[in-house]
Structures are given as C-alpha cells and as structure tokens.
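Everything below belongs to coords.pdb, which stores PDB, C-alpha atoms.
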```pdb
ATOM      1  CA  MET A 347      35.985 -26.623  -1.340
ATOM      2  CA  PRO A 348      33.213 -25.160  -3.539
ATOM      3  CA  GLU A 349      33.413 -21.482  -4.279
ATOM      4  CA  PRO A 350      30.762 -19.104  -2.909
ATOM      5  CA  PHE A 351      27.709 -18.703  -5.041
ATOM      6  CA  GLU A 352      28.039 -15.931  -7.624
ATOM      7  CA  PRO A 353      24.941 -15.253  -9.694
ATOM      8  CA  LEU A 354      26.839 -14.156 -12.808
ATOM      9  CA  GLU A 355      30.546 -14.851 -13.128
ATOM     10  CA  SER A 356      31.275 -13.707 -16.659
ATOM     11  CA  TYR A 357      29.941 -13.014 -20.121
ATOM     12  CA  ASP A 358      31.745 -14.624 -23.038
ATOM     13  CA  GLU A 359      30.699 -13.746 -26.614
ATOM     14  CA  GLY A 360      26.984 -13.884 -26.097
ATOM     15  CA  ARG A 361      27.249 -16.594 -23.437
ATOM     16  CA  ALA A 362      27.312 -16.297 -19.659
ATOM     17  CA  VAL A 363      28.651 -18.663 -17.054
ATOM     18  CA  ALA A 364      26.766 -19.018 -13.779
ATOM     19  CA  SER A 365      27.643 -21.061 -10.771
ATOM     20  CA  THR A 366      25.361 -24.029 -10.055
ATOM     21  CA  GLY A 367      25.890 -23.681  -6.312
ATOM     22  CA  ALA A 368      27.677 -27.046  -6.077
ATOM     23  CA  GLY A 369      31.042 -26.128  -7.450
ATOM     24  CA  GLY A 370      30.128 -26.461 -11.130
ATOM     25  CA  THR A 371      29.070 -23.944 -13.755
ATOM     26  CA  ALA A 372      26.447 -23.795 -16.432
ATOM     27  CA  ASP A 373      26.371 -21.836 -19.697
ATOM     28  CA  LEU A 374      23.563 -19.319 -20.076
ATOM     29  CA  GLY A 375      22.541 -17.301 -23.087
ATOM     30  CA  THR A 376      22.800 -13.543 -22.806
ATOM     31  CA  ALA A 377      19.028 -13.146 -22.577
ATOM     32  CA  GLU A 378      18.777 -15.755 -19.832
ATOM     33  CA  ALA A 379      21.660 -14.150 -17.955
ATOM     34  CA  GLU A 380      20.053 -10.697 -18.113
ATOM     35  CA  THR A 381      16.782 -12.165 -16.869
ATOM     36  CA  LEU A 382      18.565 -13.855 -13.973
ATOM     37  CA  GLU A 383      20.335 -10.626 -13.078
ATOM     38  CA  LYS A 384      17.067  -8.659 -13.126
ATOM     39  CA  ASN A 385      15.392 -11.227 -10.921
ATOM     40  CA  LEU A 386      18.197 -10.965  -8.395
ATOM     41  CA  ASP A 387      18.445  -7.161  -8.346
ATOM     42  CA  GLY A 388      14.945  -6.167  -9.473
ATOM     43  CA  PRO A 389      12.063  -4.812  -7.438
ATOM     44  CA  ASP A 390      11.169  -8.229  -6.044
ATOM     45  CA  GLY A 391      14.611  -9.694  -5.761
ATOM     46  CA  GLY A 392      16.009  -7.941  -2.733
ATOM     47  CA  GLY A 393      18.938  -6.341  -4.581
ATOM     48  CA  PRO A 394      20.987  -3.469  -3.230
ATOM     49  CA  ASP A 395      18.765  -0.822  -4.896
ATOM     50  CA  LYS A 396      15.520  -2.277  -3.581
ATOM     51  CA  LYS A 397      13.626  -0.054  -1.137
ATOM     52  CA  PRO A 398      12.067  -1.771   1.863
ATOM     53  CA  ARG A 399       8.331  -2.289   1.488
ATOM     54  CA  SER A 400       6.051  -1.253   4.337
ATOM     55  CA  LEU A 401       2.468  -2.026   5.243
ATOM     56  CA  TRP A 402       1.356   1.385   3.952
ATOM     57  CA  SER A 403       3.100   1.050   0.577
ATOM     58  CA  ASP A 404       1.630  -2.420   0.096
ATOM     59  CA  ALA A 405      -1.795  -1.144   1.118
ATOM     60  CA  TRP A 406      -1.654   1.756  -1.332
ATOM     61  CA  ARG A 407      -0.576  -0.584  -4.121
ATOM     62  CA  ASP A 408      -3.527  -2.870  -3.404
ATOM     63  CA  LEU A 409      -5.972   0.040  -3.141
ATOM     64  CA  ARG A 410      -4.958   1.401  -6.537
ATOM     65  CA  ARG A 411      -5.843  -1.960  -8.069
ATOM     66  CA  ASN A 412      -9.148  -2.345  -6.223
ATOM     67  CA  PRO A 413     -12.147  -1.235  -8.345
ATOM     68  CA  VAL A 414     -14.294  -0.899  -5.202
ATOM     69  CA  PHE A 415     -11.861   1.640  -3.775
ATOM     70  CA  ILE A 416     -11.656   3.549  -7.050
ATOM     71  CA  LEU A 417     -15.440   3.708  -7.482
ATOM     72  CA  SER A 418     -16.168   4.692  -3.875
ATOM     73  CA  GLY A 419     -13.281   7.171  -3.906
ATOM     74  CA  LEU A 420     -14.664   8.911  -7.000
ATOM     75  CA  VAL A 421     -18.126   9.152  -5.432
ATOM     76  CA  ILE A 422     -16.684  10.576  -2.205
ATOM     77  CA  LEU A 423     -14.482  13.005  -4.134
ATOM     78  CA  PHE A 424     -17.552  14.240  -6.006
ATOM     79  CA  LEU A 425     -19.440  14.664  -2.724
ATOM     80  CA  VAL A 426     -16.569  16.613  -1.187
ATOM     81  CA  VAL A 427     -16.345  18.916  -4.211
ATOM     82  CA  ILE A 428     -20.055  19.740  -4.275
ATOM     83  CA  SER A 429     -19.990  20.157  -0.493
ATOM     84  CA  ILE A 430     -17.355  22.858  -0.813
ATOM     85  CA  TRP A 431     -18.698  24.408  -4.026
ATOM     86  CA  PRO A 432     -22.368  23.427  -4.426
ATOM     87  CA  SER A 433     -22.890  26.289  -6.858
ATOM     88  CA  LEU A 434     -20.860  24.361  -9.446
ATOM     89  CA  ILE A 435     -23.879  22.184 -10.259
ATOM     90  CA  ALA A 436     -26.729  24.034  -8.535
ATOM     91  CA  SER A 437     -27.209  27.730  -9.270
ATOM     92  CA  GLY A 438     -30.375  28.238  -7.228
ATOM     93  CA  ASP A 439     -30.985  29.041  -3.581
ATOM     94  CA  PRO A 440     -32.126  26.095  -1.426
ATOM     95  CA  LEU A 441     -34.218  28.481   0.694
ATOM     96  CA  ASP A 442     -35.925  30.161  -2.279
ATOM     97  CA  CYS A 443     -39.426  28.656  -2.250
ATOM     98  CA  ASP A 444     -42.647  29.307  -4.159
ATOM     99  CA  LEU A 445     -45.807  27.858  -2.612
ATOM    100  CA  SER A 446     -47.603  27.963  -5.951
ATOM    101  CA  LYS A 447     -45.281  25.142  -7.142
ATOM    102  CA  ALA A 448     -45.597  22.972  -4.038
ATOM    103  CA  GLN A 449     -45.350  19.222  -4.733
ATOM    104  CA  GLU A 450     -45.062  19.728  -8.492
ATOM    105  CA  GLY A 451     -42.983  17.241 -10.449
ATOM    106  CA  SER A 452     -40.040  17.664 -12.786
ATOM    107  CA  GLN A 453     -39.941  20.820 -14.908
ATOM    108  CA  PRO A 454     -37.339  22.415 -17.206
ATOM    109  CA  GLY A 455     -34.595  23.727 -14.962
ATOM    110  CA  HIS A 456     -35.964  21.792 -11.986
ATOM    111  CA  PRO A 457     -35.274  18.105 -12.745
ATOM    112  CA  PHE A 458     -36.220  16.797  -9.275
ATOM    113  CA  GLY A 459     -39.419  18.827  -8.901
ATOM    114  CA  PHE A 460     -40.492  20.801  -5.825
ATOM    115  CA  ASN A 461     -41.149  19.914  -2.208
ATOM    116  CA  GLY A 462     -44.137  20.731   0.000
ATOM    117  CA  GLN A 463     -43.021  24.347   0.463
ATOM    118  CA  GLY A 464     -42.263  24.878  -3.212
ATOM    119  CA  CYS A 465     -38.469  24.643  -2.830
ATOM    120  CA  ASP A 466     -36.389  23.107  -5.589
ATOM    121  CA  VAL A 467     -35.626  19.511  -4.559
ATOM    122  CA  TYR A 468     -32.523  19.336  -6.768
ATOM    123  CA  THR A 469     -30.949  22.408  -5.182
ATOM    124  CA  ARG A 470     -31.754  21.235  -1.663
ATOM    125  CA  THR A 471     -30.348  17.779  -2.409
ATOM    126  CA  VAL A 472     -27.070  19.274  -3.638
ATOM    127  CA  TYR A 473     -26.730  21.678  -0.709
ATOM    128  CA  GLY A 474     -27.704  18.920   1.729
ATOM    129  CA  ALA A 475     -24.460  17.119   0.892
ATOM    130  CA  ARG A 476     -22.500  19.898   2.607
ATOM    131  CA  THR A 477     -24.274  19.364   5.915
ATOM    132  CA  SER A 478     -24.048  15.577   5.848
ATOM    133  CA  VAL A 479     -20.373  15.471   4.855
ATOM    134  CA  THR A 480     -19.496  18.142   7.434
ATOM    135  CA  VAL A 481     -21.220  16.235  10.223
ATOM    136  CA  GLY A 482     -19.692  12.925   9.186
ATOM    137  CA  VAL A 483     -16.128  14.194   8.810
ATOM    138  CA  CYS A 484     -16.115  16.313  11.988
ATOM    139  CA  ALA A 485     -17.704  13.568  14.076
ATOM    140  CA  THR A 486     -15.271  10.972  12.741
ATOM    141  CA  LEU A 487     -12.235  13.155  13.418
ATOM    142  CA  GLY A 488     -13.409  13.935  16.948
ATOM    143  CA  VAL A 489     -14.188  10.303  17.720
ATOM    144  CA  ALA A 490     -10.918   9.058  16.218
ATOM    145  CA  VAL A 491      -8.730  11.556  18.079
ATOM    146  CA  LEU A 492     -10.449  11.243  21.465
ATOM    147  CA  GLY A 493     -10.869   7.469  21.310
ATOM    148  CA  SER A 494      -7.341   6.849  20.037
ATOM    149  CA  VAL A 495      -5.698   8.995  22.722
ATOM    150  CA  LEU A 496      -7.678   7.543  25.616
ATOM    151  CA  GLY A 497      -7.543   3.964  24.398
ATOM    152  CA  GLY A 498      -3.885   4.158  23.401
ATOM    153  CA  LEU A 499      -2.816   5.510  26.789
ATOM    154  CA  ALA A 500      -4.893   2.879  28.585
ATOM    155  CA  GLY A 501      -3.383   0.086  26.530
ATOM    156  CA  PHE A 502       0.163   1.347  26.937
ATOM    157  CA  PHE A 503       0.192   2.112  30.657
ATOM    158  CA  GLY A 504      -2.455  -0.378  31.839
ATOM    159  CA  GLY A 505      -3.097  -0.588  35.550
ATOM    160  CA  ALA A 506      -5.746   1.504  37.264
ATOM    161  CA  TRP A 507      -6.170   3.846  34.287
ATOM    162  CA  ASP A 508      -6.953   0.912  32.027
ATOM    163  CA  GLY A 509      -9.495  -0.489  34.481
ATOM    164  CA  PHE A 510     -11.162   2.890  34.980
ATOM    165  CA  LEU A 511     -11.450   3.539  31.231
ATOM    166  CA  SER A 512     -12.859   0.061  30.649
ATOM    167  CA  ARG A 513     -15.656   0.685  33.134
ATOM    168  CA  ILE A 514     -16.421   4.070  31.589
ATOM    169  CA  THR A 515     -16.681   2.566  28.117
ATOM    170  CA  ASP A 516     -19.014  -0.116  29.453
ATOM    171  CA  VAL A 517     -21.334   2.630  30.717
ATOM    172  CA  PHE A 518     -21.370   4.404  27.343
ATOM    173  CA  PHE A 519     -21.912   1.150  25.460
ATOM    174  CA  ALA A 520     -25.046   0.594  27.562
ATOM    175  CA  ILE A 521     -26.639   3.831  26.265
ATOM    176  CA  PRO A 522     -28.755   3.333  23.106
ATOM    177  CA  VAL A 523     -27.562   5.855  20.533
ATOM    178  CA  VAL A 524     -30.937   6.948  19.211
ATOM    179  CA  LEU A 525     -32.467   7.123  22.686
ATOM    180  CA  GLY A 526     -29.484   9.122  23.909
ATOM    181  CA  GLY A 527     -29.942  11.514  21.000
ATOM    182  CA  LEU A 528     -33.620  11.973  21.785
ATOM    183  CA  VAL A 529     -32.807  12.808  25.389
ATOM    184  CA  LEU A 530     -29.702  14.967  24.964
ATOM    185  CA  LEU A 531     -30.585  16.853  21.787
ATOM    186  CA  SER A 532     -34.224  17.528  22.641
ATOM    187  CA  VAL A 533     -33.153  20.447  24.849
ATOM    188  CA  VAL A 534     -30.872  21.989  22.199
ATOM    189  CA  THR A 535     -32.294  24.914  20.249
ATOM    190  CA  SER A 536     -29.275  25.633  18.038
ATOM    191  CA  SER A 537     -29.707  24.964  14.315
ATOM    192  CA  THR A 538     -25.973  24.470  13.688
ATOM    193  CA  VAL A 539     -24.255  21.132  13.198
ATOM    194  CA  TRP A 540     -22.058  21.349  16.305
ATOM    195  CA  PRO A 541     -24.508  19.997  18.924
ATOM    196  CA  VAL A 542     -25.073  16.941  16.716
ATOM    197  CA  VAL A 543     -21.328  16.511  16.181
ATOM    198  CA  GLY A 544     -20.686  16.820  19.913
ATOM    199  CA  PHE A 545     -23.315  14.195  20.688
ATOM    200  CA  MET A 546     -21.775  11.761  18.197
ATOM    201  CA  VAL A 547     -18.307  12.268  19.650
ATOM    202  CA  LEU A 548     -19.648  11.799  23.167
ATOM    203  CA  LEU A 549     -21.235   8.433  22.392
ATOM    204  CA  GLY A 550     -18.876   7.295  19.622
ATOM    205  CA  TRP A 551     -15.432   7.446  21.218
ATOM    206  CA  PRO A 552     -15.744   4.210  23.301
ATOM    207  CA  GLN A 553     -15.758   2.029  20.166
ATOM    208  CA  ILE A 554     -12.553   3.581  18.814
ATOM    209  CA  SER A 555     -11.084   3.484  22.317
ATOM    210  CA  ARG A 556     -11.561  -0.274  22.550
ATOM    211  CA  ILE A 557      -9.991  -0.783  19.119
ATOM    212  CA  ALA A 558      -7.010   1.478  19.910
ATOM    213  CA  ARG A 559      -6.467  -0.146  23.295
ATOM    214  CA  GLY A 560      -6.300  -3.657  21.878
ATOM    215  CA  SER A 561      -4.082  -2.582  18.995
ATOM    216  CA  VAL A 562      -1.609  -0.827  21.308
ATOM    217  CA  ILE A 563      -1.471  -3.811  23.670
ATOM    218  CA  THR A 564      -0.601  -6.036  20.705
ATOM    219  CA  ALA A 565       1.987  -3.621  19.295
ATOM    220  CA  LYS A 566       3.834  -2.987  22.563
ATOM    221  CA  GLN A 567       4.594  -6.704  22.912
ATOM    222  CA  ASN A 568       6.606  -6.777  19.682
ATOM    223  CA  ASP A 569      10.357  -7.260  19.829
ATOM    224  CA  TYR A 570      11.247  -3.848  18.391
ATOM    225  CA  VAL A 571       9.327  -2.122  21.202
ATOM    226  CA  GLN A 572      11.046  -4.249  23.811
ATOM    227  CA  ALA A 573      14.405  -3.463  22.209
ATOM    228  CA  ALA A 574      13.649   0.275  22.266
ATOM    229  CA  ARG A 575      12.688   0.021  25.919
ATOM    230  CA  ALA A 576      15.914  -1.839  26.718
ATOM    231  CA  LEU A 577      17.925   0.882  24.971
ATOM    232  CA  GLY A 578      16.371   3.492  27.235
ATOM    233  CA  ALA A 579      13.761   5.019  24.916
ATOM    234  CA  SER A 580      11.239   7.215  26.697
ATOM    235  CA  ASN A 581       7.535   6.393  26.814
ATOM    236  CA  SER A 582       6.674   9.256  24.480
ATOM    237  CA  ARG A 583       9.246   8.123  21.927
ATOM    238  CA  MET A 584       8.024   4.545  21.998
ATOM    239  CA  LEU A 585       4.415   5.695  21.611
ATOM    240  CA  LEU A 586       5.065   8.119  18.761
ATOM    241  CA  ARG A 587       7.845   6.348  16.852
ATOM    242  CA  HIS A 588       7.230   2.645  17.358
ATOM    243  CA  ILE A 589       3.724   1.879  18.592
ATOM    244  CA  THR A 590       1.428   4.430  16.934
ATOM    245  CA  PRO A 591       2.517   3.784  13.301
ATOM    246  CA  ASN A 592       1.965   0.050  13.837
ATOM    247  CA  ALA A 593      -1.271   0.332  15.813
ATOM    248  CA  ILE A 594      -3.168   2.999  13.879
ATOM    249  CA  ALA A 595      -4.348   0.820  10.968
ATOM    250  CA  PRO A 596      -7.376  -0.747  12.769
ATOM    251  CA  VAL A 597      -8.447   2.693  13.967
ATOM    252  CA  ILE A 598      -8.376   4.052  10.408
ATOM    253  CA  VAL A 599     -10.472   1.149   9.136
ATOM    254  CA  VAL A 600     -13.131   1.478  11.851
ATOM    255  CA  ALA A 601     -13.241   5.275  11.537
ATOM    256  CA  THR A 602     -13.684   5.118   7.764
ATOM    257  CA  ILE A 603     -16.639   2.761   8.050
ATOM    258  CA  ALA A 604     -18.078   4.758  10.969
ATOM    259  CA  LEU A 605     -18.096   7.949   8.886
ATOM    260  CA  GLY A 606     -20.960   6.613   6.787
ATOM    261  CA  THR A 607     -22.715   5.512   9.963
ATOM    262  CA  TYR A 608     -22.511   9.025  11.421
ATOM    263  CA  ILE A 609     -24.015  10.507   8.266
ATOM    264  CA  SER A 610     -26.882   8.047   8.545
ATOM    265  CA  LEU A 611     -27.253   8.828  12.267
ATOM    266  CA  GLU A 612     -27.496  12.555  11.562
ATOM    267  CA  ALA A 613     -30.282  11.914   9.057
ATOM    268  CA  THR A 614     -32.081   9.681  11.563
ATOM    269  CA  LEU A 615     -31.920  12.270  14.334
ATOM    270  CA  SER A 616     -33.023  15.030  11.957
ATOM    271  CA  TYR A 617     -35.904  12.861  10.783
ATOM    272  CA  LEU A 618     -36.994  12.411  14.411
ATOM    273  CA  GLY A 619     -36.864  16.175  14.913
ATOM    274  CA  VAL A 620     -33.992  16.340  17.427
ATOM    275  CA  GLY A 621     -31.050  16.640  15.070
ATOM    276  CA  LEU A 622     -30.539  19.542  12.688
ATOM    277  CA  LYS A 623     -33.349  22.052  12.472
ATOM    278  CA  PRO A 624     -34.545  24.444   9.755
ATOM    279  CA  PRO A 625     -33.377  26.617   8.131
ATOM    280  CA  THR A 626     -30.411  24.222   7.925
ATOM    281  CA  VAL A 627     -30.557  22.236   4.688
ATOM    282  CA  SER A 628     -30.240  18.537   5.462
ATOM    283  CA  TRP A 629     -31.226  15.294   3.802
ATOM    284  CA  GLY A 630     -32.747  14.119   7.067
ATOM    285  CA  ILE A 631     -34.936  17.216   7.328
ATOM    286  CA  ASP A 632     -36.097  16.827   3.721
ATOM    287  CA  ILE A 633     -36.856  13.138   4.223
ATOM    288  CA  SER A 634     -38.841  13.954   7.353
ATOM    289  CA  SER A 635     -40.911  16.661   5.621
ATOM    290  CA  ALA A 636     -41.474  14.473   2.544
ATOM    291  CA  SER A 637     -42.618  11.361   4.412
ATOM    292  CA  GLN A 638     -46.189  12.658   4.801
ATOM    293  CA  TYR A 639     -46.475  13.325   1.044
ATOM    294  CA  VAL A 640     -44.920  10.080  -0.173
ATOM    295  CA  ARG A 641     -48.137   8.884  -1.870
ATOM    296  CA  ASN A 642     -48.916  12.097  -3.728
ATOM    297  CA  ALA A 643     -45.362  13.311  -4.419
ATOM    298  CA  PRO A 644     -42.859  10.440  -4.082
ATOM    299  CA  HIS A 645     -40.143  12.491  -5.814
ATOM    300  CA  MET A 646     -39.819  14.602  -2.657
ATOM    301  CA  LEU A 647     -38.608  11.535  -0.752
ATOM    302  CA  LEU A 648     -36.823   9.678  -3.537
ATOM    303  CA  TRP A 649     -33.988  12.094  -4.277
ATOM    304  CA  PRO A 650     -32.734  13.036  -0.781
ATOM    305  CA  ALA A 651     -33.127   9.426   0.386
ATOM    306  CA  GLY A 652     -31.242   8.175  -2.679
ATOM    307  CA  ALA A 653     -28.428  10.675  -2.128
ATOM    308  CA  LEU A 654     -28.185   9.610   1.510
ATOM    309  CA  ALA A 655     -28.078   5.908   0.599
ATOM    310  CA  ILE A 656     -25.384   6.413  -2.056
ATOM    311  CA  THR A 657     -23.242   8.479   0.317
ATOM    312  CA  VAL A 658     -23.433   5.984   3.172
ATOM    313  CA  LEU A 659     -22.766   3.083   0.798
ATOM    314  CA  ALA A 660     -19.723   4.842  -0.680
ATOM    315  CA  PHE A 661     -18.105   5.351   2.728
ATOM    316  CA  ILE A 662     -18.856   1.773   3.803
ATOM    317  CA  MET A 663     -17.350   0.425   0.567
ATOM    318  CA  LEU A 664     -14.303   2.632   1.083
ATOM    319  CA  GLY A 665     -13.904   1.310   4.617
ATOM    320  CA  ASP A 666     -14.159  -2.286   3.421
ATOM    321  CA  ALA A 667     -11.502  -1.673   0.764
ATOM    322  CA  VAL A 668      -9.173  -0.041   3.298
ATOM    323  CA  ARG A 669      -9.733  -2.927   5.717
ATOM    324  CA  ASP A 670      -8.825  -5.494   3.050
ATOM    325  CA  ALA A 671      -5.679  -3.561   2.129
ATOM    326  CA  LEU A 672      -4.455  -3.055   5.697
ATOM    327  CA  ASP A 673      -5.170  -6.549   6.998
ATOM    328  CA  PRO A 674      -2.109  -8.762   6.373
ATOM    329  CA  LYS A 675      -4.175 -11.890   7.002
ATOM    330  CA  LEU A 676      -6.200 -11.188   3.851
ATOM    331  CA  ARG A 677      -3.147 -11.042   1.552
TER     332      ARG A 677
END
```

When written as structure tokens, how does the structure in this file appear?
Amino acid sequence: MPEPFEPLESYDEGRAVASTGAGGTADLGTAEAETLEKNLDGPDGGGPDKKPRSLWSDAWRDLRRNPVFILSGLVILFLVVISIWPSLIASGDPLDCDLSKAQEGSQPGHPFGFNGQGCDVYTRTVYGARTSVTVGVCATLGVAVLGSVLGGLAGFFGGAWDGFLSRITDVFFAIPVVLGGLVLLSVVTSSTVWPVVGFMVLLGWPQISRIARGSVITAKQNDYVQAARALGASNSRMLLRHITPNAIAPVIVVATIALGTYISLEATLSYLGVGLKPPTVSWGIDISSASQYVRNAPHMLLWPAGALAITVLAFIMLGDAVRDALDPKLR
C-alpha cells in the first residue's frame, strides 16, 4: 500500500527526496526542496503558521494597491486637515471684507482675488471646507446609523415590522429631495449646520435602510447563522457577532459614496437660499453670491465651485474603490 504523501522526506548531501504521491520518490535539489517547502507552508500555502484571511484583510490589501484609493484618500485627508486647522494655509479672516476691493482679481497675498463684498476668496474657500466636510460627515453618520439599525432589525425579524418599515420608506422615497428641502428648511432661521444635517438624515435614511435590510436577509440565511441559532445563541448575539460583520460592507460602500452627495446637496440648498445662511462660510453661499457676477468677475465662482467639485469627486472615487475592494464578485 502506498505511503501517505509527505512533502519532504529527507535531505541527503544537497539532495532531497520527495514522495511522488504514487508510492515512488523523486530526487530534488536543495533549492527546489526549499522552494517546495515554502510553497507548502508560506503565506499562500495554508501551512500551520498561516493566518486565516478575511474579507476585510483582503479588501485592505487591494485598497493599498489601488491608485484611485490612494489619490482620493490623500485629497480627503488634506480636506480633513484644513477643515480642522484652516489657519495652517490661510492666515486671514473669512469675514474680514473691504468694499474698496470688491470683485478685484488676484493680488500679492490674495491669489484668488476678492468677492463682491471685498472678502478674500482664497480664505473663504479654505474655511468653506470645514462647513462642507462637517455637513457631509455628520449627515452620513446619522443616515448610516439610523438606516442600518432600522433596516437591520426589519430584515432580521421580518413580519409586521418589516412590512411597516417598507411602507414608510416608500413614502420617503416619493419625496423629492430638493423640493423637500425648500419646504422644510424655508422656515428655519438658524445659521448653523444642524438643521441641514437633520434634514439630510430625515430624507436619507430610507436608502441605507433598504441596503441594510437586504444585506441582513442574505446574511441570516448562511449556514453559520443557522448553526448559531441551533446552538441556542440569542438574537442579540447573532446580530452583533455573526450577521452585522458580514452585512455591513454594502452599507459602508453606499455611505461613502453618499457622503459626496450630501456635500453637493448642502451646496445646492445653500445656493437656493434655504440651506446655510450668512455669516456661515460655505461654498454654496459663495457660489450663490458669485453667480450674478460671473461675467465681470468669474474668479469669484471658479474657486469655490472647483473646490466643491474636487471634494465631491474625491469621495465618489473613494466609494468606488471601497466598493471594488469589498465586492467578492469583482475579484
């Protein structure tokens, strides 16, 4: 009877003998034997020292090699830094205006020129990043948390709660976002970002809820969830330990892409006059005030609009890269 397969049986004076798997042996050089041993026990060989690879480790490995992720990540990192510390690259005051310089072009110390009120466009563009990033991040976190909780519970428990939530989401999907903003925010007099963030969470959670619901329904049908249920695991344990880690990836992808959309939505609402209001510094407010001077002073519109476009594009590119890394079908 043939002996069990043994990758490397012995080394003999620079030679190695390996089983052929059919009862015979074959001589291998030392270099070939070491290569065979590395292949069997190395990082891809499934040896005893190999750590199990997960979806998240594979995704991070792919993201580190993706130039789109690296480029968009650097842009977003820069935006976050100047949002927290805008004085690092802009020493002026965005509210310090001089009407005698209204609509003037680039000057030494003022590379972007001045707006219609004589404010430095460069300083306002830098400080406007803080408002846009704050609105986008807060709205995304609120939408992701609320939508994930409601959708996840509906998908896990089903029944009447699932049917009720589905009808509620249908109602919210029927409300046009911009029209809803015009109606709901027109009565708000606060100049802070929180009414705008609250409006985005109110109308944005149904999309994440649908994604979370479908992902949880798919995850709870897997064998490991059924095994945990058969072993007597509680609903909370199955949700937190087994379902959520395997159902959260689509939510992360959609939320990352939606972050850029919320930044664009804030600028749109501010441009229409129902979003953020002065003295808040916002790209949408600057674009709105510069639109009537676009022929005489196009620089007033160019820089805040360009910053807005780059920011939205960076978050969309980041979301696309995360989607490609987390989708096993694209591997």

| request: Could you tell me how far atom CA of Arg410 of chain A lies from atom CA of Phe424 of chain A, in Å and to one decimal? | output: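 We find that atom CA of Arg410 of chain A and atom CA of Phe424 of chain A lie 18.0 Å from each other.
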
| So which residues fall inside 8 Å of (-31.7, 22.9, -9.0) if we count only C-alpha atoms? Mind giving them as a list in words? | Ile435, Ala436, Ser437, Gly438, Gly455, His456, Pro457, Phe458, Asp466, Val467, Tyr468, Thr469, Arg470 and Val472 of chain A

| So what do you get for atom CA of Trp540 of chain A versus atom CA of Val483 of chain A, distance-wise? | 11.9 Å

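Note that the spacing between atom CA of Ala448 of chain A and atom CA of Ala643 of chain A amounts to 9.7 Å.
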
| Shell around Asn581 of chain A at 12 Å using all atoms listed in the file, local window under 5 positions removed, as an MDAnalysis selection string | chainID A and resid 499 502:503 566 571:572 574:576 586:590

| task | Do a neighbour search on Ala655 of chain A at 9 Å with all atoms listed in the file, toss out local chain neighbours closer than 5 positions, and write the hits as a count of residues only. | result | 3

| Evaluate the PyMOL selection byres ((chain A and resi 598) around 10) and report residues as an MDAnalysis selection string | chainID A and resid 490 554 558 593:597 599:604 665 668:669 672

| task | Choose the residue, out of A:Asn642, A:Ser580, A:Thr477, A:Asn568, that has the smallest atom-to-atom separation from Leu622 of chain A; count only C-alpha atoms. | result | A:Thr477

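Counting all atoms listed in the file and comparing A:Asn461, A:Ser635, A:Ser446, A:Thr626, the residue that lies closest to Arg476 of chain A is A:Thr626.
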
Can you tell me, as AutoDock Vina command-line options, the centre and edge lengths (Å, one decimal) of the axis-aligned box enclosing all of segment 639-642 of chain A's listed atoms after padding each side by 3 Å?
```
--center_x -46.9 --center_y 11.1 --center_z -1.3 --size_x 10.0 --size_y 10.4 --size_z 10.8
```

| Residues within 12 Å of Leu420 of chain A, all atoms listed in the file, excluding chain neighbours under 6 positions, as a ChimeraX atom specification | /A:413-414,426-427,657,660-661,663-664

Suppose a student applies the PyMOL selection byres ((chain A and resi 496) around 12) to this structure; what residues should they get, written as an mmCIF file with C-alpha atoms, in the frame of the given file?
```
data_model
loop_
_atom_site.group_PDB
_atom_site.id
_atom_site.type_symbol
_atom_site.label_atom_id
_atom_site.label_comp_id
_atom_site.auth_asym_id
_atom_site.auth_seq_id
_atom_site.Cartn_x
_atom_site.Cartn_y
_atom_site.Cartn_z
ATOM 1 C CA VAL A 489 -14.188 10.303 17.720
ATOM 2 C CA ALA A 490 -10.918 9.058 16.218
ATOM 3 C CA VAL A 491 -8.730 11.556 18.079
ATOM 4 C CA LEU A 492 -10.449 11.243 21.465
ATOM 5 C CA GLY A 493 -10.869 7.469 21.310
ATOM 6 C CA SER A 494 -7.341 6.849 20.037
ATOM 7 C CA VAL A 495 -5.698 8.995 22.722
ATOM 8 C CA GLY A 497 -7.543 3.964 24.398
ATOM 9 C CA GLY A 498 -3.885 4.158 23.401
ATOM 10 C CA LEU A 499 -2.816 5.510 26.789
ATOM 11 C CA ALA A 500 -4.893 2.879 28.585
ATOM 12 C CA GLY A 501 -3.383 0.086 26.530
ATOM 13 C CA PHE A 502 0.163 1.347 26.937
ATOM 14 C CA PHE A 503 0.192 2.112 30.657
ATOM 15 C CA GLY A 504 -2.455 -0.378 31.839
ATOM 16 C CA TRP A 507 -6.170 3.846 34.287
ATOM 17 C CA ASP A 508 -6.953 0.912 32.027
ATOM 18 C CA PHE A 510 -11.162 2.890 34.980
ATOM 19 C CA LEU A 511 -11.450 3.539 31.231
ATOM 20 C CA SER A 512 -12.859 0.061 30.649
ATOM 21 C CA ILE A 514 -16.421 4.070 31.589
ATOM 22 C CA THR A 515 -16.681 2.566 28.117
ATOM 23 C CA TRP A 551 -15.432 7.446 21.218
ATOM 24 C CA PRO A 552 -15.744 4.210 23.301
ATOM 25 C CA GLN A 553 -15.758 2.029 20.166
ATOM 26 C CA ILE A 554 -12.553 3.581 18.814
ATOM 27 C CA SER A 555 -11.084 3.484 22.317
ATOM 28 C CA ARG A 556 -11.561 -0.274 22.550
ATOM 29 C CA ILE A 557 -9.991 -0.783 19.119
ATOM 30 C CA ALA A 558 -7.010 1.478 19.910
ATOM 31 C CA ARG A 559 -6.467 -0.146 23.295
ATOM 32 C CA GLY A 560 -6.300 -3.657 21.878
ATOM 33 C CA VAL A 562 -1.609 -0.827 21.308
#
```
